[in-house]
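K.L.:
Below you will find the structure I want to go over with you.
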Amino acid sequence: MKVEVTVNDEYMGDIIGDLNRRRGRILGMTPIGGGLQVIEAEVPQAEMFKYATDLRSMTQARGSFKLTFVRYEEVPGNISAKVIEQARMEREQQ
């Protein structure tokens, strides 16, 4: 997903760090005046659940974001192994 996060300058470091933690790729930052910046990044959709709540917490409810579908990509090997193992365990419990 492509995410565009609009935040005050003072929250830039926290937001960029959070997007990186969510396996995001920062594409750029654009100042839009009034002390605001738009951060553009690509982040896997699976990592964006509950982002609205987290963004609200990090920016004291001053940040906003917009998600747009970009493309499908293959899941990294270490994460796909976890998903497969979890599915296997769930199947065995049934």
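Chain labels A, B, ... are given in the sequence in which chains occur in the structure tokens; within each chain residues are numbered consecutively from 1, and ligands are likewise numbered from 1 in the order shown.
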As a list in words, which residues of chain A does DSSP assign to strand (DSSP E or B)?
P.N.:
Lys2, Val3, Glu4, Val5, Thr6, Val7, Asn8, Arg25, Ile26, Leu27, Gly28, Met29, Thr30, Pro31, Ile32, Gly33, Leu36, Gln37, Val38, Ile39, Glu40, Ala41, Glu42, Ser64, Phe65, Lys66, Leu67 and Thr68 of chain A
K.L.:
Mind checking DSSP for chain A and telling me the helix (DSSP H, G or I) residues as an MDAnalysis selection string?
P.N.:
chainID A and resid 9:21 45:47 51:59 77:93
K.L.:
With N, CA and C atoms retained, export the selected residues as a tab-separated table (two decimals), in the first residue's frame.
P.N.:
```tsv
chain	number	residue	atom	x	y	z
A	9	ASP	N	5.97	18.95	11.83
A	9	ASP	CA	7.40	18.68	11.76
A	9	ASP	C	7.92	17.97	13.01
A	10	GLU	N	7.39	18.30	14.17
A	10	GLU	CA	7.91	17.76	15.43
A	10	GLU	C	7.71	16.24	15.55
A	11	TYR	N	6.81	15.67	14.77
A	11	TYR	CA	6.54	14.23	14.86
A	11	TYR	C	7.21	13.41	13.74
A	12	MET	N	7.99	14.07	12.89
A	12	MET	CA	8.58	13.40	11.73
A	12	MET	C	9.40	12.18	12.11
A	13	GLY	N	10.30	12.31	13.07
A	13	GLY	CA	11.16	11.20	13.46
A	13	GLY	C	10.38	10.01	13.96
A	14	ASP	N	9.38	10.25	14.80
A	14	ASP	CA	8.56	9.16	15.34
A	14	ASP	C	7.81	8.44	14.23
A	15	ILE	N	7.24	9.19	13.29
A	15	ILE	CA	6.45	8.59	12.23
A	15	ILE	C	7.34	7.79	11.27
A	16	ILE	N	8.47	8.34	10.90
A	16	ILE	CA	9.38	7.62	10.01
A	16	ILE	C	9.88	6.34	10.68
A	17	GLY	N	10.23	6.42	11.95
A	17	GLY	CA	10.65	5.23	12.68
A	17	GLY	C	9.56	4.17	12.73
A	18	ASP	N	8.33	4.61	12.95
A	18	ASP	CA	7.21	3.67	13.01
A	18	ASP	C	6.96	3.01	11.66
A	19	LEU	N	7.03	3.78	10.58
A	19	LEU	CA	6.83	3.21	9.24
A	19	LEU	C	7.94	2.21	8.91
A	20	ASN	N	9.16	2.50	9.31
A	20	ASN	CA	10.27	1.56	9.10
A	20	ASN	C	10.04	0.28	9.90
A	21	ARG	N	9.54	0.40	11.11
A	21	ARG	CA	9.26	-0.76	11.95
A	21	ARG	C	8.19	-1.64	11.32
A	45	GLN	N	0.17	-4.04	3.56
A	45	GLN	CA	-1.15	-3.83	4.14
A	45	GLN	C	-1.29	-4.52	5.50
A	46	ALA	N	-0.70	-5.70	5.63
A	46	ALA	CA	-0.80	-6.44	6.89
A	46	ALA	C	-0.22	-5.66	8.06
A	47	GLU	N	0.70	-4.75	7.78
A	47	GLU	CA	1.32	-3.95	8.85
A	47	GLU	C	0.53	-2.69	9.17
A	51	TYR	N	-3.33	1.22	12.40
A	51	TYR	CA	-2.45	2.37	12.22
A	51	TYR	C	-3.12	3.67	12.64
A	52	ALA	N	-4.41	3.78	12.41
A	52	ALA	CA	-5.12	5.01	12.78
A	52	ALA	C	-4.96	5.28	14.27
A	53	THR	N	-5.12	4.26	15.08
A	53	THR	CA	-4.98	4.42	16.53
A	53	THR	C	-3.55	4.77	16.90
A	54	ASP	N	-2.59	4.08	16.29
A	54	ASP	CA	-1.18	4.34	16.60
A	54	ASP	C	-0.77	5.75	16.18
A	55	LEU	N	-1.23	6.19	15.01
A	55	LEU	CA	-0.90	7.55	14.54
A	55	LEU	C	-1.50	8.59	15.47
A	56	ARG	N	-2.72	8.36	15.87
A	56	ARG	CA	-3.37	9.29	16.80
A	56	ARG	C	-2.57	9.40	18.10
A	57	SER	N	-2.09	8.28	18.59
A	57	SER	CA	-1.30	8.28	19.83
A	57	SER	C	0.03	9.00	19.65
A	58	MET	N	0.71	8.75	18.54
A	58	MET	CA	2.03	9.34	18.32
A	58	MET	C	1.97	10.85	18.07
A	59	THR	N	0.87	11.34	17.50
A	59	THR	CA	0.80	12.75	17.10
A	59	THR	C	-0.19	13.56	17.94
A	77	GLY	N	10.58	-14.47	3.01
A	77	GLY	CA	10.66	-15.86	3.44
A	77	GLY	C	10.43	-16.08	4.92
A	78	ASN	N	11.04	-15.25	5.77
A	78	ASN	CA	10.89	-15.44	7.21
A	78	ASN	C	9.45	-15.23	7.67
A	79	ILE	N	8.73	-14.32	7.05
A	79	ILE	CA	7.34	-14.06	7.43
A	79	ILE	C	6.43	-15.15	6.87
A	80	SER	N	6.68	-15.58	5.64
A	80	SER	CA	5.85	-16.65	5.07
A	80	SER	C	6.00	-17.94	5.87
A	81	ALA	N	7.19	-18.21	6.39
A	81	ALA	CA	7.39	-19.40	7.21
A	81	ALA	C	6.54	-19.33	8.48
A	82	LYS	N	6.44	-18.16	9.10
A	82	LYS	CA	5.61	-17.98	10.29
A	82	LYS	C	4.13	-18.21	9.96
A	83	VAL	N	3.68	-17.66	8.84
A	83	VAL	CA	2.28	-17.80	8.43
A	83	VAL	C	1.94	-19.27	8.17
A	84	ILE	N	2.83	-19.97	7.49
A	84	ILE	CA	2.60	-21.38	7.19
A	84	ILE	C	2.56	-22.21	8.47
A	85	GLU	N	3.47	-21.94	9.38
A	85	GLU	CA	3.50	-22.67	10.65
A	85	GLU	C	2.23	-22.41	11.47
A	86	GLN	N	1.77	-21.18	11.49
A	86	GLN	CA	0.55	-20.84	12.22
A	86	GLN	C	-0.65	-21.56	11.61
A	87	ALA	N	-0.74	-21.59	10.29
A	87	ALA	CA	-1.84	-22.29	9.62
A	87	ALA	C	-1.80	-23.78	9.91
A	88	ARG	N	-0.60	-24.35	9.93
A	88	ARG	CA	-0.43	-25.77	10.23
A	88	ARG	C	-0.91	-26.08	11.65
A	89	MET	N	-0.56	-25.22	12.60
A	89	MET	CA	-0.97	-25.42	14.00
A	89	MET	C	-2.50	-25.31	14.15
A	90	GLU	N	-3.09	-24.36	13.45
A	90	GLU	CA	-4.54	-24.20	13.51
A	90	GLU	C	-5.26	-25.41	12.93
A	91	ARG	N	-4.72	-25.95	11.85
A	91	ARG	CA	-5.31	-27.12	11.22
A	91	ARG	C	-5.23	-28.33	12.17
A	92	GLU	N	-4.12	-28.49	12.86
A	92	GLU	CA	-3.96	-29.62	13.78
A	92	GLU	C	-4.90	-29.51	14.99
A	93	GLN	N	-5.27	-28.30	15.39
A	93	GLN	CA	-6.16	-28.11	16.53
A	93	GLN	C	-7.60	-28.45	16.19
```
K.L.:
How many Å lie between atom CA of Pro76 of chain A and atom CA of Met29 of chain A, rounded to one decimal?
P.N.:
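Answer for the atom CA of Pro76 of chain A to atom CA of Met29 of chain A separation: 26.2 Å.
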K.L.:
Give me the residues within 12 Å of Gly35 of chain A as a PyMOL selection string, counting only C-alpha atoms and dropping any in the same chain fewer than 2 places off.
P.N.:
chain A and resi 6-12+30-33+37-38+62
K.L.:
Those residues with N, CA and C atoms, as a short mmCIF file (atom, residue, chain, number, x, y, z; two decimals), in the first residue's frame please?
P.N.:
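Just written: out_33.cif:
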```
data_model
loop_
_atom_site.label_atom_id
_atom_site.label_comp_id
_atom_site.auth_asym_id
_atom_site.auth_seq_id
_atom_site.Cartn_x
_atom_site.Cartn_y
_atom_site.Cartn_z
N THR A 6 0.29 12.94 6.86
CA THR A 6 0.46 14.38 7.05
C THR A 6 0.60 14.65 8.54
N VAL A 7 1.76 15.21 8.92
CA VAL A 7 2.04 15.45 10.35
C VAL A 7 2.79 16.75 10.53
N ASN A 8 2.81 17.25 11.76
CA ASN A 8 3.63 18.40 12.11
C ASN A 8 5.10 17.99 12.08
N ASP A 9 5.97 18.95 11.83
CA ASP A 9 7.40 18.68 11.76
C ASP A 9 7.92 17.97 13.01
N GLU A 10 7.39 18.30 14.17
CA GLU A 10 7.91 17.76 15.43
C GLU A 10 7.71 16.24 15.55
N TYR A 11 6.81 15.67 14.77
CA TYR A 11 6.54 14.23 14.86
C TYR A 11 7.21 13.41 13.74
N MET A 12 7.99 14.07 12.89
CA MET A 12 8.58 13.40 11.73
C MET A 12 9.40 12.18 12.11
N THR A 30 7.52 15.84 1.78
CA THR A 30 7.21 17.09 1.11
C THR A 30 6.67 18.08 2.12
N PRO A 31 7.34 19.23 2.30
CA PRO A 31 6.78 20.26 3.18
C PRO A 31 5.59 20.92 2.49
N ILE A 32 4.51 21.13 3.24
CA ILE A 32 3.32 21.75 2.64
C ILE A 32 2.97 23.07 3.31
N GLY A 33 3.85 23.56 4.16
CA GLY A 33 3.63 24.85 4.80
C GLY A 33 2.92 24.71 6.13
N GLN A 37 4.29 18.39 7.14
CA GLN A 37 5.01 17.59 6.15
C GLN A 37 4.13 16.45 5.71
N VAL A 38 4.28 16.03 4.45
CA VAL A 38 3.63 14.82 3.95
C VAL A 38 4.73 13.79 3.74
N ARG A 62 -3.09 14.81 15.90
CA ARG A 62 -2.88 15.88 14.92
C ARG A 62 -2.48 15.35 13.54
#
```
K.L.:
May I ask for the distance between atom CA of Leu27 of chain A and atom CA of Val43 of chain A, given in Å to one decimal place?
P.N.:
10.5 Å
